[in-house]
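Colleague: Below is the structure I would like to discuss, written out as structure tokens.
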Amino acid sequence: MSIPQSGGEPIEHRDQLAGYLEAGCKPRDAWRIGTEHEKFGYCKDTLKPLPFDGRRSIVAVLEGLRDRHGWAELREGGHLIGLEKDGANVSLEPGGALELSGAPLETIHETCDEVNEHLREVRDIADEIGVGFIGLGAAPIWTHEQMPLMPKGRYKLMDAYMQKVGTMGRSMMRRTCTVQVNLDFGSEADMVQKLRVAIALQPVATALFANSPFFEGRPNGFKSWRSRIWRDLDPDRTGMVPFVFEDGFGFERWVDYALDVPMYFVYRDGRYIDALGQSFRDFLNGELPALPGETPLISDWADHLTTLFPEARIKKFIEMRGADGGPWRRLCALPAFWVGLTYDQGALDAAWDLVRGWDAETREALRVAAGKDGMQAEVGGLKMHDLAREVVALADAGLKARARPGAGGLVPDETHFLNALKDSLETGTVPADELLDRYHGDWDGDLTRIYADYSY
């Protein structure tokens, strides 16, 4: 989850809202890659989730990273709730999952180095205190009651609201993890094309990265239970945002959408003020019940944009949000997938040609089928395996065209980061299929085996 913004200029006219998004436009040589990934922490002896505080706890891990690896602490209400260093952040998801929000980097080689260093640092601390971390799309065994809610004001407000607008919001908060990548755009037209491709092809990412076939100790009937959870969370702020494909879509239309999404909070002087269900439109007019007579700052708009949760979203960049958290190779494969598709114009044009004829019903059906069946999904004659093969080939071509070398020039481009996905295309299986095979095979139904075999 995002770290709150503060300050900024007052919003005096509506044009500033679209202007905030438009300010994200960058020349191609300034485009960067920001990768985020979440993982569940647990006590190795009990296999229970980490408590917030104590000798073996989330705080102990954060303190270890701070003291041993040079991270600066972030606090809220006296609690240690995050870290920052060199443009990156370590933060906490509502149920205590640890998230790295990586720095904006030029190449996937750098992104993968960053992931490696982070996981080494975390393991350095975790091993010493008897803690493990595992990358999955959903907690495989733990119940809602076992997952502690982190002491962050934002999460307390969200937790109460989620119970009113859907059935699975609190499960999302406590018991899901994702990997996502944040990418830049050059202009409004570039943003539109990239966002349309991103939304349409999120189901392919969901299928390729599906890694949550278990929930509360048993198979749940889905390859990505995380994706299923997001389908019944809050219809005001989730989903496939079909208006993105309408003629005339641009920054202004995204502003209209965001203004229609009910607020969660206003952040002032280190605390979250309850604005649940209130209207940012009223805020613009100085009529917000939570802060009567006050009008918003640009930081309030930035915060509000972080409370929209569609399958891809824009802020000053585009976030790809459709993939389950997972094993190390796929933490590097996700940025490779999307950078290949969107940072080379030839690949982006080809991807748009592939999806431009789909209607909203097709896109939504693909989303549903991807979460249920993974690579075996099929919608109206569209077979996910064939579609994924074509899309990964486009990403591969895009990375070859980028030709960003690594390892001191010994590696000519970034295409090898797609190898995990190419393996899935060859076998027709994704991580969830492997997990189910293990569960029904050598694990003999003992799901506790997942921790020893799949932790980082």
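Residues are referred to by chain and number: the chain letter is A, B, ... according to the order shown in the structure tokens, the number counts from 1 in that chain, and ligands are numbered separately from 1 in the order shown.
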What parts of segment 21-164 of chain A does DSSP call alpha helix (DSSP H)? I'd like the answer as a ChimeraX atom specification.

Modeller: /A:21-22,58-69,108-129,153-164

Colleague: Find the spatial neighbours of Val90 of chain A, counting only C-alpha atoms, within a cut-off of 8 Å - ignore same-chain residues fewer than 2 positions away - and output them as a ChimeraX atom specification.

Modeller: /A:82-84,88,92,98-101

Colleague: Would you mind exporting the chosen residues as a PDB file, in the first residue's frame, restricted to N, CA and C atoms?

Modeller:
```
ATOM      1  N   GLY A  82       7.724   1.324   8.358  1.00  0.00           N
ATOM      2  CA  GLY A  82       8.333   1.284   7.042  1.00  0.00           C
ATOM      3  C   GLY A  82       9.762   1.770   7.077  1.00  0.00           C
ATOM      4  N   LEU A  83      10.425   1.658   5.918  1.00  0.00           N
ATOM      5  CA  LEU A  83      11.825   2.037   5.770  1.00  0.00           C
ATOM      6  C   LEU A  83      12.021   2.670   4.395  1.00  0.00           C
ATOM      7  N   GLU A  84      13.101   3.430   4.239  1.00  0.00           N
ATOM      8  CA  GLU A  84      13.422   3.992   2.936  1.00  0.00           C
ATOM      9  C   GLU A  84      14.927   4.079   2.747  1.00  0.00           C
ATOM     10  N   ALA A  88      14.021   3.661  -2.740  1.00  0.00           N
ATOM     11  CA  ALA A  88      13.148   2.506  -2.520  1.00  0.00           C
ATOM     12  C   ALA A  88      12.513   2.591  -1.140  1.00  0.00           C
ATOM     13  N   LEU A  92       4.534  -2.058   4.862  1.00  0.00           N
ATOM     14  CA  LEU A  92       3.736  -3.170   5.368  1.00  0.00           C
ATOM     15  C   LEU A  92       2.365  -3.165   4.734  1.00  0.00           C
ATOM     16  N   LEU A  98       5.347  -8.065   3.916  1.00  0.00           N
ATOM     17  CA  LEU A  98       6.420  -7.103   3.720  1.00  0.00           C
ATOM     18  C   LEU A  98       6.527  -6.775   2.237  1.00  0.00           C
ATOM     19  N   GLU A  99       6.540  -5.503   1.911  1.00  0.00           N
ATOM     20  CA  GLU A  99       6.582  -5.074   0.514  1.00  0.00           C
ATOM     21  C   GLU A  99       7.836  -4.268   0.238  1.00  0.00           C
ATOM     22  N   LEU A 100       8.512  -4.586  -0.844  1.00  0.00           N
ATOM     23  CA  LEU A 100       9.544  -3.711  -1.374  1.00  0.00           C
ATOM     24  C   LEU A 100       8.953  -2.919  -2.519  1.00  0.00           C
ATOM     25  N   SER A 101       8.954  -1.598  -2.404  1.00  0.00           N
ATOM     26  CA  SER A 101       8.608  -0.719  -3.516  1.00  0.00           C
ATOM     27  C   SER A 101       9.921  -0.199  -4.068  1.00  0.00           C
TER      28      SER A 101
END
```

Colleague: A:Ala23, A:Val430, A:Leu421, A:Ala138: which is nearest Asn220 of chain A, counting only C-alpha atoms?

Modeller: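 Closest residue, counting only C-alpha atoms: A:Ala138.
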
Colleague: I need the residues in segment 137-182 of chain A that are strand (DSSP E or B) according to DSSP; give them as a ChimeraX atom specification.

Modeller: /A:138,176,178-182

Colleague: Restricting the output to N, CA and C atoms, write the selected residues as a compact mmCIF listing (two decimals), in the first residue's frame.

Modeller:
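Listed below is the output, out33.txt:
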```txt
# COMPACT_ATOMS: atom_id res chain seq x y z
N ALA A 138 -1.88 -15.83 -2.24
CA ALA A 138 -2.79 -15.80 -1.10
C ALA A 138 -2.21 -16.69 0.00
N THR A 176 -3.56 -11.57 0.90
CA THR A 176 -3.12 -11.65 -0.49
C THR A 176 -1.80 -10.90 -0.67
N THR A 178 0.98 -9.55 -4.04
CA THR A 178 1.11 -9.32 -5.48
C THR A 178 2.54 -8.97 -5.84
N VAL A 179 2.82 -9.02 -7.12
CA VAL A 179 3.99 -8.37 -7.70
C VAL A 179 3.47 -7.47 -8.80
N GLN A 180 3.96 -6.25 -8.86
CA GLN A 180 3.50 -5.32 -9.88
C GLN A 180 4.67 -4.48 -10.37
N VAL A 181 4.47 -3.86 -11.52
CA VAL A 181 5.50 -2.99 -12.06
C VAL A 181 4.88 -1.65 -12.44
N ASN A 182 5.61 -0.59 -12.20
CA ASN A 182 5.17 0.77 -12.48
C ASN A 182 6.00 1.32 -13.64
```

Colleague: Segment 190-192 of chain A: which residues within 8 Å, counting only C-alpha atoms, same-chain residues fewer than 5 positions away excluded, as an NGL selection string?

Modeller: :A and (185 or 244 or 249-250 or 318)

Colleague: May I ask which of the residues A:Val255, A:Leu435, A:Leu74, A:Leu276 is the closest one to Lys315 of chain A, counting only C-alpha atoms?

Modeller: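 Among the listed residues, A:Val255 lies closest to Lys315 of chain A.
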
Colleague: Tell me, as a PyMOL selection string, which residues lie within 10 Å of Ser212 of chain A, counting only C-alpha atoms; anything in the same chain fewer than 5 positions away does not count.

Modeller: chain A and resi 135-140+176-177+219-228+324-326+371+431-433+435-436

Colleague: With only C-alpha atoms as the counted atoms, please give the residues lying no more than 12 Å from Asp247 of chain A, apart from itself and same-chain residues fewer than 4 positions off, as a VMD selection string.

Modeller: chain A and resid 189 192 to 193 196 242 to 243 253

Colleague: Kindly save the residues from that selection, with C-alpha atoms included, as a compact mmCIF listing (two decimals), in the first residue's frame.

Modeller:
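The new file part26.txt reads:
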```txt
# COMPACT_ATOMS: atom_id res chain seq x y z
CA ALA A 189 -1.78 9.51 -26.30
CA VAL A 192 -3.98 5.90 -23.46
CA GLN A 193 -2.45 3.24 -25.68
CA ARG A 196 -5.63 0.06 -22.90
CA PRO A 242 -14.30 -0.31 -19.59
CA PHE A 243 -14.52 3.48 -20.06
CA ARG A 253 -11.84 11.06 -18.13
```

Colleague: As an MDAnalysis selection string, please: the residues near Thr295 of chain A (cut-off 10 Å, only C-alpha atoms, same-chain neighbours under 2 positions excluded).

Modeller: chainID A and resid 10:12 280 282:288 291:293 297 300

Colleague: Determine the nearest neighbour of Pro289 of chain A from the options A:Thr342, A:Lys39, A:Arg268, A:Met263, counting only C-alpha atoms.

Modeller: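 Checking each candidate against Pro289 of chain A, we get A:Met263 as the closest.
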
Colleague: Enter the distance from atom CA of Val379 of chain A to atom CA of Leu354 of chain A, in Å, rounded to one decimal.

Modeller: 15.1 Å

Colleague: Got a sec: who's within 8 Å of Phe265 of chain A, counting only C-alpha atoms, leaving out chain neighbours fewer than 4 positions off, as a ChimeraX atom specification?

Modeller: /A:154,157,272-276,304

Colleague: Can you work out the spacing between atom CA of Arg218 of chain A and atom CA of Leu201 of chain A in Å, to one decimal?

Modeller: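 For atom CA of Arg218 of chain A relative to atom CA of Leu201 of chain A, the distance reads 29.2 Å.
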
Colleague: Counting only C-alpha atoms, figure out which residue out of A:Arg389, A:Lys44, A:Arg329, A:His69 gets nearest to Met375 of chain A.

Modeller: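 Closest to Met375 of chain A, using only C-alpha atoms: A:Arg389.
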